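One structure is given here, and the rest of the page talks about it.
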Amino acid sequence: MTSYTESQLAATIDHAILKPELTRADLDAELDVAAEWKVFSVCVRPSDIPHAVARLQGTGVAVGTVIGFPHGTTSTAAKVAEAGQALADGAVELDMVLNIGMLRSGMDDAVESDIRAVVEAAGDHIVKVIFETAYLDDEQIGRACRLSEAAGADFVKTSTGFAGGGATVAHIRLMRASVGENVQVKASGGVRGFDAAVAMLEAGATRLGTSAAATILGAARRQEGGGPATSAVDESSY
């Protein structure tokens, strides 16, 4: 297993702050975690974007958000409007959920059109397409990859974290093999410990969506200090 330093891992993490029940105090605590550990970005609920941008100003942590979350079933027009508002509020990356039912129905043109509309609305900003792999078989995952790439997406992403299943090494490998070198892969859902994070990166992911940034990076810090990278707390506290 490849060794990753704390800073190397931090540069791959989108710290997820998406639970619907979070209070403003909860949000602030998580934003402070992101700033303390110097992660790449936070991924916050759309209504939290302006506050997150203000609180993280000067920290170097980018602010991203979700579009059509978590089911992907809002209309294309609604996703485009949501994307426009998110960018106006200060988000710099968009993680959109594709229309899962349409994909499973074989409505490829509609799925690609839906993704392309958000990509076009995003302009030069990064767009990641969430598949919800727990609901898909390998053929559908591969097809979702190809449609996302054709529509101009920057990343393909496994999961929302709300479907009862998350990223697996097998799915990351499949997604990496199903897109060209200009499209990156994000592992999200169930990435809660150091070993899981490293396994996803070794399988081909370049970004990790997780609410356990402190756990993962704390383990990396211990390893750099000569201690163990994993502990019972790492795997059970999230």
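Following the order of the structure tokens, first chain is A, next is B, and so on, with residues numbered from 1 inside each chain and ligands from 1 in the order they appear.
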
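For Ala52 (chain A), the non-local neighbours within 12 Å, defined as residues at least 6 positions apart in the same chain or in other chains and counting only C-alpha atoms, are Ile17, Arg24, Leu27, Asp28, Ala29, Glu30, Leu31, Asp32, Ala34, Ala35, Ser41, Val42, Cys43, Val44, Arg45, Pro46, Gly58, Thr59, Val61, Ala62, Val63, Gly64, Thr65, Ala86, Asp89, Gly90, Ala91 and Val92 of chain A.
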
Please list as a list in words every residue within 7 Å of Val183 (chain A), counting only C-alpha atoms and excluding residues in the same chain fewer than 3 positions away. Glu149, Asp154, Phe155, Val179 and Gly180 of chain A

List every residue of region 7-178 of chain A that DSSP, applied to the backbone of this structure, assigns to strand (DSSP E or B), and report them as a VMD selection string. chain A and resid 13 to 17 41 to 44 62 to 67 93 to 97 126 to 130 155 to 157

Output N, CA, C and O atoms for every residue in the selection just made, as a compact mmCIF listing (two decimals), in the first residue's frame.
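And here is the file that came out, selection_7.txt:
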# COMPACT_ATOMS: atom_id res chain seq x y z
N ILE A 13 -9.22 15.77 -0.48
CA ILE A 13 -10.47 15.64 0.28
C ILE A 13 -11.43 16.80 0.04
O ILE A 13 -11.08 17.97 0.20
N ASP A 14 -12.67 16.43 -0.34
CA ASP A 14 -13.82 17.34 -0.28
C ASP A 14 -14.56 16.98 1.00
O ASP A 14 -15.21 15.93 1.09
N HIS A 15 -14.46 17.83 2.02
CA HIS A 15 -15.08 17.54 3.31
C HIS A 15 -16.59 17.76 3.19
O HIS A 15 -17.06 18.88 2.95
N ALA A 16 -17.35 16.68 3.33
CA ALA A 16 -18.80 16.72 3.10
C ALA A 16 -19.53 17.21 4.34
O ALA A 16 -19.37 16.66 5.43
N ILE A 17 -20.36 18.26 4.15
CA ILE A 17 -21.17 18.81 5.24
C ILE A 17 -22.60 18.92 4.71
O ILE A 17 -23.11 20.01 4.41
N SER A 41 -11.39 21.12 -0.26
CA SER A 41 -12.64 21.88 -0.30
C SER A 41 -13.64 21.33 0.70
O SER A 41 -13.45 20.25 1.28
N VAL A 42 -14.71 22.08 0.88
CA VAL A 42 -15.91 21.58 1.54
C VAL A 42 -16.99 21.43 0.49
O VAL A 42 -16.99 22.13 -0.53
N CYS A 43 -17.89 20.49 0.73
CA CYS A 43 -19.08 20.35 -0.10
C CYS A 43 -20.27 20.55 0.81
O CYS A 43 -20.55 19.71 1.68
N VAL A 44 -20.94 21.69 0.67
CA VAL A 44 -22.00 22.09 1.60
C VAL A 44 -23.36 22.10 0.92
O VAL A 44 -23.46 22.06 -0.31
N ALA A 62 -11.59 25.63 -0.70
CA ALA A 62 -12.62 25.98 -1.68
C ALA A 62 -13.99 25.54 -1.19
O ALA A 62 -14.13 24.65 -0.34
N VAL A 63 -15.02 26.15 -1.77
CA VAL A 63 -16.40 25.79 -1.41
C VAL A 63 -17.10 25.20 -2.63
O VAL A 63 -17.17 25.82 -3.69
N GLY A 64 -17.60 24.00 -2.48
CA GLY A 64 -18.40 23.35 -3.50
C GLY A 64 -19.78 23.05 -2.95
O GLY A 64 -20.04 23.20 -1.76
N THR A 65 -20.66 22.59 -3.83
CA THR A 65 -22.02 22.26 -3.40
C THR A 65 -22.59 21.16 -4.29
O THR A 65 -21.92 20.68 -5.20
N VAL A 66 -23.83 20.80 -3.99
CA VAL A 66 -24.51 19.72 -4.70
C VAL A 66 -25.68 20.27 -5.51
O VAL A 66 -26.30 21.26 -5.13
N ILE A 67 -25.96 19.59 -6.61
CA ILE A 67 -27.04 19.99 -7.52
C ILE A 67 -27.95 18.78 -7.76
O ILE A 67 -27.47 17.68 -8.03
N GLU A 93 -17.19 24.60 -7.30
CA GLU A 93 -17.34 23.27 -7.85
C GLU A 93 -18.76 22.77 -7.61
O GLU A 93 -19.37 23.10 -6.58
N LEU A 94 -19.29 22.01 -8.57
CA LEU A 94 -20.66 21.51 -8.49
C LEU A 94 -20.66 19.99 -8.62
O LEU A 94 -20.11 19.44 -9.57
N ASP A 95 -21.30 19.33 -7.66
CA ASP A 95 -21.46 17.87 -7.70
C ASP A 95 -22.93 17.59 -7.99
O ASP A 95 -23.78 17.72 -7.10
N MET A 96 -23.23 17.22 -9.23
CA MET A 96 -24.63 17.02 -9.63
C MET A 96 -24.97 15.54 -9.65
O MET A 96 -24.14 14.69 -9.98
N VAL A 97 -26.22 15.23 -9.30
CA VAL A 97 -26.70 13.85 -9.38
C VAL A 97 -27.37 13.65 -10.72
O VAL A 97 -28.27 14.41 -11.09
N ILE A 126 -15.66 23.40 -12.19
CA ILE A 126 -15.62 21.94 -12.15
C ILE A 126 -17.02 21.37 -11.92
O ILE A 126 -17.76 21.83 -11.03
N VAL A 127 -17.37 20.36 -12.72
CA VAL A 127 -18.62 19.63 -12.52
C VAL A 127 -18.30 18.16 -12.31
O VAL A 127 -17.60 17.54 -13.11
N LYS A 128 -18.82 17.61 -11.21
CA LYS A 128 -18.69 16.18 -10.92
C LYS A 128 -20.07 15.56 -11.03
O LYS A 128 -21.05 16.13 -10.54
N VAL A 129 -20.15 14.40 -11.64
CA VAL A 129 -21.44 13.72 -11.84
C VAL A 129 -21.54 12.53 -10.89
O VAL A 129 -20.72 11.61 -10.95
N ILE A 130 -22.54 12.57 -10.02
CA ILE A 130 -22.76 11.51 -9.03
C ILE A 130 -23.69 10.46 -9.64
O ILE A 130 -24.77 10.77 -10.12
N PHE A 155 -15.45 15.20 -13.60
CA PHE A 155 -15.30 14.05 -12.70
C PHE A 155 -16.52 13.15 -12.83
O PHE A 155 -17.64 13.62 -13.10
N VAL A 156 -16.31 11.87 -12.58
CA VAL A 156 -17.40 10.95 -12.27
C VAL A 156 -17.25 10.54 -10.81
O VAL A 156 -16.14 10.40 -10.31
N LYS A 157 -18.37 10.38 -10.12
CA LYS A 157 -18.37 10.21 -8.67
C LYS A 157 -19.31 9.08 -8.29
O LYS A 157 -20.38 8.93 -8.87

DSSP says alpha helix (DSSP H) for which residues of region 114-190 of chain A? Put them as a VMD selection string? chain A and resid 114 to 122 138 to 150 169 to 178

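The closest residue to Thr168 (chain A), picked from A:Ala199, A:Val80, A:Cys145, A:Ala150 and counting only C-alpha atoms, is A:Ala199.
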
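With only C-alpha atoms as the atoms that count, the residue of A:Val185, A:Ala197, A:Ala144, A:Leu98 with the shortest distance to Ile216 (chain A) is A:Ala197.
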
List the spatial neighbours of Ala134 (chain A) as a PyMOL selection string - criterion: any atom at most 12 Å away, only C-alpha atoms, same-chain residues fewer than 2 positions off excluded. chain A and resi 100+130-132+136-138+140-141+157-168+171+188-190

A:Gln57, A:Thr206, A:Thr133, A:Ser113: which is nearest Ala151 (chain A), counting only C-alpha atoms? A:Ser113

Would you please work out which residue, of A:Ser7, A:Thr215, A:Thr12, A:Thr73, is nearest to Lys186 (chain A) when using only C-alpha atoms? A:Thr12

Please measure the separation of CA of Leu174 (chain A) and CA of Glu139 (chain A), giving the value in Å to one decimal.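 So the two atoms, CA of Leu174 (chain A) and CA of Glu139 (chain A), lie 9.8 Å apart.
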
Which residue gives the smallest distance to Ala214 (chain A) among A:Ala177, A:Ser75, A:Val119, A:Arg192, with only C-alpha atoms counted? A:Arg192

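The gap separating CA of Ala203 (chain A) from CA of Gly106 (chain A) is 27.8 Å, in Å to one decimal.
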
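Using only C-alpha atoms, the shortest contact distance between Met175 (chain A) and any of A:Leu147, A:Ala196, A:Ala110, A:Val191 is found at A:Leu147.
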
What's the separation between CA of His125 (chain A) and CA of Gln85 (chain A), in Å to one decimal place?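 A separation of 13.3 Å between them.
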